[in-house]
$ cat target27.txt   # compact mmCIF, C-alpha atoms
# COMPACT_ATOMS: atom_id res chain seq x y z
CA MET X 1 114.92 -185.06 131.50
CA TRP X 2 115.41 -185.21 127.71
CA MET X 3 113.03 -183.39 125.37
CA THR X 4 112.06 -184.51 121.88
CA LEU X 5 112.27 -181.74 119.29
CA THR X 6 109.56 -181.69 116.63
CA HIS X 7 110.00 -179.73 113.41
CA TYR X 8 107.75 -179.30 110.39
CA SER X 9 108.89 -178.69 106.80
CA PHE X 10 106.64 -177.88 103.86
CA PHE X 11 107.91 -178.55 100.32
CA LEU X 12 106.24 -176.60 97.53
CA ASN X 13 106.03 -177.02 93.77
CA PHE X 14 108.10 -178.72 91.09
CA GLN X 15 109.68 -182.13 90.62
CA GLY X 16 112.62 -182.90 92.85
CA LYS X 17 110.94 -182.38 96.23
CA THR X 18 110.48 -186.09 96.90
CA THR X 19 114.06 -186.94 95.89
CA ILE X 20 115.40 -184.33 98.33
CA ILE X 21 113.26 -185.64 101.19
CA LEU X 22 114.20 -189.27 100.55
CA ARG X 23 117.90 -188.38 100.57
CA CYS X 24 117.44 -186.44 103.79
CA LEU X 25 115.81 -189.49 105.40
CA ASP X 26 118.37 -191.95 103.98
CA ARG X 27 115.65 -193.88 102.16
CA ASP X 28 116.84 -195.81 99.14
CA GLU X 29 113.64 -195.94 97.11
CA PRO X 30 112.52 -194.48 93.77
CA PRO X 31 110.63 -191.17 94.11
CA LYS X 32 106.98 -191.11 93.10
CA PRO X 33 105.00 -188.17 91.71
CA THR X 34 103.42 -186.04 94.43
CA LEU X 35 99.62 -186.14 94.25
CA ALA X 36 97.96 -183.16 95.96
CA LEU X 37 99.28 -183.05 99.55
CA GLU X 38 101.47 -185.86 100.84
CA TYR X 39 103.03 -186.50 104.22
CA THR X 40 106.01 -188.40 105.58
CA TYR X 41 108.20 -188.18 108.65
CA GLY X 42 111.67 -189.00 109.87
CA ARG X 43 113.44 -189.55 113.17
CA ARG X 44 116.99 -188.77 114.20
CA ALA X 45 118.80 -190.22 117.20
CA LYS X 46 120.66 -187.79 119.47
CA GLY X 47 122.39 -190.40 121.58
CA HIS X 48 121.99 -193.63 123.52
CA ASN X 49 118.72 -193.86 125.48
CA ILE X 50 117.73 -190.36 124.36
CA PRO X 51 114.36 -189.82 122.63
CA LYS X 52 114.69 -189.24 118.90
CA ASP X 53 113.89 -185.90 117.31
CA ILE X 54 110.97 -186.02 114.88
CA ALA X 55 110.66 -184.18 111.57
CA HIS X 56 107.37 -183.97 109.70
CA PHE X 57 107.51 -183.38 105.93
CA TRP X 58 104.59 -182.19 103.84
CA GLU X 59 104.71 -181.97 100.04
CA LEU X 60 102.34 -179.93 97.90
CA GLY X 61 102.04 -181.12 94.31
CA GLY X 62 100.11 -179.66 91.41
CA GLY X 63 102.04 -176.43 91.03
CA THR X 64 99.72 -173.56 91.98
CA SER X 65 96.44 -175.41 91.40
CA LEU X 66 96.03 -176.63 95.00
CA LEU X 67 96.87 -173.55 97.05
CA ASP X 68 93.94 -174.13 99.42
CA LEU X 69 95.78 -177.15 100.84
CA ILE X 70 98.44 -174.86 102.34
CA SER X 71 96.18 -174.34 105.35
CA ILE X 72 96.30 -178.03 106.34
CA PRO X 73 99.92 -178.35 107.58
CA ILE X 74 100.43 -174.73 108.65
CA THR X 75 98.50 -174.18 111.89
CA SER X 76 99.00 -172.32 115.14
CA ASP X 77 100.18 -175.60 116.69
CA THR X 78 102.90 -176.23 114.09
CA LEU X 79 103.93 -172.71 113.12
CA ARG X 80 106.63 -172.10 115.72
CA THR X 81 108.86 -174.90 114.35
CA PHE X 82 107.69 -174.69 110.74
CA SER X 83 109.80 -173.97 107.64
CA VAL X 84 109.02 -173.71 103.94
CA VAL X 85 111.11 -175.15 101.11
CA LEU X 86 110.23 -173.88 97.63
CA VAL X 87 111.61 -176.08 94.84
CA LEU X 88 111.75 -174.34 91.45
CA ASP X 89 112.47 -175.93 88.08
CA LEU X 90 115.42 -174.00 86.60
CA SER X 91 114.86 -175.66 83.22
CA LYS X 92 111.54 -173.77 82.85
CA PRO X 93 112.46 -170.10 83.35
CA ASN X 94 109.22 -168.79 81.80
CA ASP X 95 107.17 -170.47 84.53
CA LEU X 96 109.57 -169.60 87.31
CA TRP X 97 108.45 -166.13 88.42
CA PRO X 98 104.64 -166.58 88.31
CA THR X 99 104.86 -169.92 90.10
CA MET X 100 107.23 -168.59 92.74
CA GLU X 101 105.14 -165.47 93.25
CA ASN X 102 101.82 -167.31 93.58
CA LEU X 103 103.12 -169.93 95.99
CA LEU X 104 105.02 -167.50 98.23
CA GLN X 105 102.21 -164.95 98.35
CA ALA X 106 99.58 -167.59 99.17
CA THR X 107 101.79 -169.11 101.87
CA LYS X 108 102.66 -165.71 103.36
CA ARG X 109 99.00 -164.65 103.50
CA HIS X 110 98.07 -167.81 105.36
CA VAL X 111 101.02 -167.61 107.76
CA ASP X 112 100.20 -163.97 108.55
CA LYS X 113 96.62 -164.99 109.37
CA VAL X 114 97.82 -167.79 111.65
CA ILE X 115 100.24 -165.45 113.46
CA MET X 116 97.47 -162.87 113.91
CA LYS X 117 95.17 -165.56 115.29
CA LEU X 118 97.96 -166.80 117.56
CA GLY X 119 98.55 -163.25 118.79
CA LYS X 120 95.00 -163.02 120.12
CA LYS X 121 95.56 -166.11 122.28
CA ASN X 122 99.26 -165.76 123.04
CA SER X 123 100.67 -162.32 122.24
CA LYS X 124 104.09 -163.25 123.64
CA ALA X 125 104.46 -166.24 121.28
CA ALA X 126 103.40 -164.16 118.27
CA SER X 127 105.85 -161.41 119.21
CA GLU X 128 108.69 -163.93 119.58
CA MET X 129 107.93 -165.29 116.11
CA ARG X 130 108.07 -161.82 114.57
CA GLN X 131 111.43 -161.22 116.22
CA LYS X 132 112.77 -164.64 115.24
CA ILE X 133 112.49 -163.93 111.52
CA TRP X 134 115.29 -161.38 111.86
CA SER X 135 117.70 -163.84 113.49
CA ASN X 136 119.49 -164.61 110.21
CA MET X 137 120.24 -160.95 109.54
CA GLN X 138 123.06 -159.31 111.47
CA LYS X 139 122.07 -156.10 113.24
CA ASP X 140 124.71 -154.12 111.33
CA HIS X 141 123.85 -155.59 107.91
CA PRO X 142 123.54 -152.69 105.42
CA ASP X 143 120.28 -154.08 103.98
CA ARG X 144 118.51 -154.67 107.28
CA GLU X 145 116.04 -151.81 106.74
CA LEU X 146 115.52 -152.61 103.07
CA ILE X 147 114.26 -156.19 103.18
CA ASP X 148 111.01 -157.83 104.26
CA PRO X 149 111.76 -161.28 105.75
CA PHE X 150 109.35 -164.14 105.15
CA PRO X 151 107.37 -164.78 108.36
CA ILE X 152 108.84 -168.28 108.80
CA PRO X 153 112.18 -169.81 107.68
CA LEU X 154 112.32 -170.12 103.89
CA VAL X 155 114.66 -172.03 101.59
CA ILE X 156 114.51 -171.65 97.79
CA ILE X 157 115.98 -174.56 95.83
CA GLY X 158 116.57 -174.43 92.09
CA SER X 159 116.39 -177.96 90.69
CA LYS X 160 117.64 -179.41 87.38
CA TYR X 161 120.88 -177.43 87.46
CA ASP X 162 122.34 -179.98 85.02
CA ILE X 163 120.03 -178.55 82.33
CA PHE X 164 120.30 -174.95 83.51
CA GLN X 165 124.10 -174.90 83.28
CA ASP X 166 123.85 -175.24 79.48
CA PHE X 167 121.72 -172.08 79.14
CA ASP X 168 123.09 -168.96 77.46
CA SER X 169 125.32 -167.07 79.90
CA GLU X 170 123.18 -163.90 79.80
CA LYS X 171 120.05 -165.88 80.64
CA ARG X 172 121.81 -167.63 83.50
CA LYS X 173 122.97 -164.26 84.79
CA VAL X 174 119.44 -162.83 84.90
CA ILE X 175 117.96 -165.95 86.55
CA CYS X 176 120.73 -166.15 89.15
CA LYS X 177 120.59 -162.47 90.10
CA THR X 178 116.80 -162.47 90.19
CA LEU X 179 116.61 -165.49 92.49
CA ARG X 180 119.35 -164.02 94.67
CA PHE X 181 117.37 -160.79 95.01
CA VAL X 182 114.12 -162.58 95.88
CA ALA X 183 115.86 -164.86 98.40
CA HIS X 184 117.72 -161.97 100.02
CA TYR X 185 114.62 -159.77 100.15
CA TYR X 186 112.71 -162.53 101.96
CA GLY X 187 115.64 -163.42 104.23
CA ALA X 188 115.79 -166.87 102.66
CA SER X 189 118.54 -169.32 101.75
CA LEU X 190 119.10 -170.09 98.07
CA MET X 191 120.79 -173.09 96.47
CA PHE X 192 120.85 -174.99 93.20
CA THR X 193 120.84 -178.76 92.86
CA SER X 194 120.61 -181.63 90.38
CA LYS X 195 121.09 -185.39 90.44
CA SER X 196 124.75 -184.81 91.29
CA GLU X 197 125.69 -186.66 94.48
CA ALA X 198 127.78 -183.74 95.76
CA LEU X 199 124.94 -181.22 95.30
CA LEU X 200 122.36 -183.54 96.86
CA LEU X 201 124.59 -183.96 99.91
CA LYS X 202 124.78 -180.17 100.35
CA ILE X 203 120.99 -179.89 100.08
CA ARG X 204 120.62 -182.74 102.52
CA GLY X 205 122.66 -180.78 105.04
CA VAL X 206 120.39 -177.77 104.66
CA ILE X 207 117.20 -179.81 105.08
CA ASN X 208 118.66 -181.61 108.10
CA GLN X 209 119.36 -178.21 109.63
CA LEU X 210 115.70 -177.24 109.17
CA ALA X 211 114.35 -180.60 110.29
CA PHE X 212 116.64 -181.44 113.19
CA GLY X 213 118.35 -178.19 114.18
CA ILE X 214 121.81 -179.25 112.97
CA ASP X 215 124.40 -176.43 112.73
CA LYS X 216 123.86 -174.22 109.70
CA SER X 217 126.42 -174.22 106.89
CA LYS X 218 128.26 -170.94 106.39
CA SER X 219 129.72 -171.79 102.99
CA ILE X 220 128.75 -169.54 100.10
CA CYS X 221 128.95 -169.63 96.30
CA VAL X 222 127.65 -166.66 94.28
CA ASP X 223 129.39 -167.51 91.00
CA GLN X 224 126.72 -167.74 88.28
CA ASN X 225 128.90 -170.30 86.49
CA LYS X 226 128.57 -172.66 89.44
CA PRO X 227 125.63 -173.98 91.49
CA LEU X 228 124.57 -171.15 93.82
CA PHE X 229 124.71 -171.86 97.54
CA ILE X 230 123.86 -168.91 99.76
CA THR X 231 122.74 -169.26 103.36
CA ALA X 232 120.18 -166.73 104.61
CA GLY X 233 121.76 -163.44 105.69
CA LEU X 234 125.08 -163.90 103.86
CA ASP X 235 124.16 -162.08 100.63
CA SER X 236 123.72 -158.35 100.05
CA LEU X 237 122.10 -156.07 97.49
CA SER X 238 125.43 -154.50 96.62
CA GLN X 239 126.88 -157.95 95.81
CA ILE X 240 123.84 -158.96 93.75
CA GLU X 241 124.08 -155.91 91.54
CA LYS X 242 126.26 -152.80 91.81
CA SER X 243 124.15 -149.91 93.08
CA VAL X 244 123.44 -147.01 90.75
CA HIS X 245 123.79 -143.93 92.92
CA LYS X 246 121.91 -141.60 90.61
CA TYR X 247 118.83 -143.79 90.78
CA SER X 248 116.92 -143.78 94.08
CA TRP X 249 113.72 -145.35 95.24
CA HIS X 250 111.22 -142.86 96.67
CA LEU X 251 109.36 -145.85 98.12
CA TYR X 252 112.32 -146.77 100.28
CA CYS X 253 113.06 -143.17 101.13
CA ASN X 254 109.53 -142.75 102.48
CA ARG X 255 109.49 -146.01 104.45
CA PRO X 256 109.73 -145.64 108.23
CA LYS X 257 113.16 -146.14 109.78
CA VAL X 258 114.97 -145.96 106.44
CA GLU X 259 117.83 -143.51 106.43
CA LYS X 260 117.97 -141.17 103.44
CA SER X 261 121.59 -142.17 102.86
CA ARG X 262 120.49 -145.73 102.14
CA CYS X 263 118.05 -144.84 99.38
CA HIS X 264 120.69 -145.33 96.70
CA SER X 265 121.72 -148.77 97.92
CA THR X 266 118.71 -150.81 96.85
CA GLY X 267 120.46 -152.87 94.17
CA LEU X 268 119.06 -152.90 90.65
CA PRO X 269 118.26 -155.71 88.24
CA PRO X 270 120.55 -156.41 85.25
CA VAL X 271 119.22 -153.82 82.80
CA PRO X 272 120.96 -150.93 80.99
CA ASP X 273 121.00 -147.60 82.89
CA ASN X 274 119.15 -145.79 80.10
CA ASP X 275 116.29 -148.34 80.27
CA ILE X 276 115.80 -148.40 84.03
CA GLY X 277 113.88 -145.14 84.12
CA LYS X 278 111.44 -146.33 81.45
CA ILE X 279 110.11 -149.18 83.59
CA GLN X 280 107.07 -148.30 85.66
CA ALA X 281 107.30 -150.18 88.96
CA HIS X 282 105.85 -149.46 92.40
CA SER X 283 108.48 -151.39 94.36
CA PRO X 284 111.91 -153.01 93.92
CA MET X 285 110.28 -156.46 93.77
CA ASP X 286 107.96 -155.25 91.03
CA LEU X 287 110.93 -153.81 89.12
CA TRP X 288 112.82 -157.12 89.22
CA LYS X 289 109.67 -158.94 88.15
CA LYS X 290 109.17 -156.72 85.10
CA VAL X 291 112.81 -156.98 84.05
CA TYR X 292 112.74 -160.77 84.47
CA GLU X 293 109.45 -161.28 82.61
CA LYS X 294 110.65 -159.09 79.77
CA LEU X 295 113.30 -161.71 79.05
CA PHE X 296 111.18 -164.70 80.13
CA PRO X 297 107.50 -163.92 79.36
CA PRO X 298 105.16 -166.15 81.39
CA LYS X 299 103.65 -168.95 79.33
CA SER X 300 100.80 -170.83 80.90
CA ILE X 301 100.41 -171.60 84.56
CA SER X 302 97.69 -173.73 86.12
CA THR X 303 96.07 -171.71 88.85
CA GLN X 304 93.49 -172.71 91.36
CA LYS X 305 90.85 -170.96 89.28
CA ASP X 306 91.79 -172.98 86.20
CA VAL X 307 91.65 -176.40 87.87
CA LYS X 308 89.12 -176.59 90.69
CA ASP X 309 88.87 -180.38 90.51
CA PRO X 310 92.26 -182.18 90.66
CA ALA X 311 90.61 -185.22 89.04
CA ARG X 312 90.30 -183.15 85.86
CA ASP X 313 93.85 -181.81 85.99
CA PRO X 314 95.66 -182.76 82.73
CA GLN X 315 98.87 -183.61 84.59
CA TYR X 316 97.10 -186.55 86.28
CA ALA X 317 95.47 -187.86 83.10
CA GLU X 318 95.10 -191.64 82.73
CA CYS X 319 93.23 -192.76 79.61
CA GLU X 320 91.47 -195.88 80.96
CA VAL X 321 90.59 -194.28 84.29
CA ASP X 322 89.31 -191.11 82.62
CA GLU X 323 87.14 -193.09 80.18
CA MET X 324 85.62 -195.07 83.04
CA ARG X 325 85.06 -191.82 84.95
CA ILE X 326 83.14 -190.35 81.98
CA GLN X 327 81.05 -193.51 81.73
CA LYS X 328 80.23 -193.47 85.45
CA ASP X 329 79.40 -189.75 85.34
CA GLN X 330 76.97 -190.42 82.49
CA GLU X 331 75.40 -193.32 84.37
CA LEU X 332 75.04 -191.12 87.44
CA GLU X 333 73.31 -188.37 85.47
CA GLN X 334 70.97 -190.94 83.91
CA TYR X 335 70.19 -192.35 87.35
CA LYS X 336 69.45 -188.86 88.68
CA ARG X 337 67.04 -188.20 85.81
CA SER X 338 65.32 -191.56 86.30
CA SER X 339 65.03 -190.99 90.02
CA SER X 340 63.60 -187.53 89.45
CA LYS X 341 60.95 -188.93 87.10
CA SER X 342 60.09 -191.67 89.58
CA TRP X 343 59.57 -189.19 92.43
CA LYS X 344 57.44 -186.97 90.22
CA GLN X 345 55.29 -189.97 89.26
CA ILE X 346 54.85 -190.92 92.91
CA GLU X 347 53.77 -187.35 93.72
CA LEU X 348 51.18 -187.43 90.86
CA ASP X 349 49.82 -190.80 91.91
CA SER X 350 49.40 -189.63 95.46

$ encode --input "target27.txt" --output "structure tokens"
Amino acid sequence: MWMTLTHYSFFLNFQGKTTIILRCLDRDEPPKPTLALEYTYGRRAKGHNIPKDIAHFWELGGGTSLLDLISIPITSDTLRTFSVVLVLDLSKPNDLWPTMENLLQATKRHVDKVIMKLGKKNSKAASEMRQKIWSNMQKDHPDRELIDPFPIPLVIIGSKYDIFQDFDSEKRKVICKTLRFVAHYYGASLMFTSKSEALLLKIRGVINQLAFGIDKSKSICVDQNKPLFITAGLDSLSQIEKSVHKYSWHLYCNRPKVEKSRCHSTGLPPVPDNDIGKIQAHSPMDLWKKVYEKLFPPKSISTQKDVKDPARDPQYAECEVDEMRIQKDQELEQYKRSSSKSWKQIELDS
């Protein structure tokens, strides 16, 4: 008896998500802007007279303004074969960290809640999920006790590499090392892409692996002068940045199961030795964030608090539609006032 495999993939954030999905599904059609939460699916044949595997793709648009919608595709029914793909715009480095942080934190909080809920009904399934997140990290990997894997498979894709490659070399260095650290810390894969056919084909292979369980690529490119391509578990803190033995993290030293001898091997962001001690940070992630945002101060980012109504989101502005909306809102308010007066008059007459 043949079984049909069903996988779920959730694409978050910037432009480029739809293009990647269409290429993965071999659909030759122009990509359209993602409005709120959109869904599509694909099938893949395994052989003659064998049921096709099914992959479900969800896309979240609107940057960080629609974080509540994360709860729709990620449920206890879908979680066990779910993966997250975060697409970041490399051409906008000032927005990169806050957007990445908000989306990953919101997703992680929700996933943790779902796993906890699942654990109450099926403790074995929840336990298997917690063990599964370590599958990409070899048991003898030197960073195994120093990272905190994302609760479900995660891929971080940097889009618009064609623009990014023309950045100043020092800026590219900081962005590359920072994204490598974040990806490695979360046990995620990291890769850069653009409209280049060769790069899109590599990304397609990664998405097909998530969606249909195809063998994972073991190729790696960590050269900041080339598009990064690092599969989960193949990077290390020592490769990202040479460790500074005189600088140790008391946070790591005090964490359970962390050997004292590993406290000097946490990998530091690209900052001069004499400046590292001046930065107040409560964790390695916080240190990398402060170093990154010192070079790329956050500009403006639309959060859920800023835009509660997507219809009023500036990125979806359409002059004629918006004018008609204002007119109809005014007519509605006038109708409400008239109706209120009418009911009051009826009450007086009675």

$ residues_around --input "target27.txt" --residues "X:Ile156" --least-positions-apart "6" --cutoff "6 Å" --atoms "all atoms listed in the file" --output "number ranges by chain"
X: 85-86, 190

$ atom_distance --input "target27.txt" --atom1 "atom CA of X:Ala198" --atom2 "atom CA of X:Tyr185"
27.7 Å

$ residues_around --input "target27.txt" --residues "X:Pro93" --least-positions-apart "3" --cutoff "9 Å" --atoms "all atoms listed in the file" --output "ChimeraX atom specification"
/X:89-90,96-97,175,296-298

$ atom_distance --input "target27.txt" --atom1 "atom CA of X:Pro153" --atom2 "atom CA of X:Tyr186"
9.3 Å

$ residues_around --input "target27.txt" --residues "stretch 148-151 of chain X" --least-positions-apart "5" --cutoff "7 Å" --atoms "all atoms listed in the file" --output "short mmCIF file (atom, residue, chain, number, x, y, z; two decimals) with C-alpha atoms, in the frame of the given file"
data_model
loop_
_atom_site.label_atom_id
_atom_site.label_comp_id
_atom_site.auth_asym_id
_atom_site.auth_seq_id
_atom_site.Cartn_x
_atom_site.Cartn_y
_atom_site.Cartn_z
CA LYS X 108 102.66 -165.71 103.36
CA VAL X 111 101.02 -167.61 107.76
CA ARG X 130 108.07 -161.82 114.57
CA ILE X 133 112.49 -163.93 111.52
CA TYR X 185 114.62 -159.77 100.15
CA TYR X 186 112.71 -162.53 101.96
CA GLY X 187 115.64 -163.42 104.23
#

$ closest_residue --input "target27.txt" --among "X:Val87, X:Ile220, X:Ile152, X:Ala211" --to "X:Met100" --atoms "all atoms listed in the file"
X:Val87

$ closest_residue --input "target27.txt" --among "X:Leu234, X:Leu79, X:Met285, X:Ile70" --to "X:Leu146" --atoms "only C-alpha atoms"
X:Met285

$ residues_near_point --input "target27.txt" --point "(112.8, -152.6, 85.1)" --cutoff "6 Å" --atoms "all atoms listed in the file" --output "MDAnalysis selection string"
chainID X and resid 276 279 287 290:291

$ atom_distance --input "target27.txt" --atom1 "atom CA of X:Asp112" --atom2 "atom CA of X:Phe10"
16.0 Å
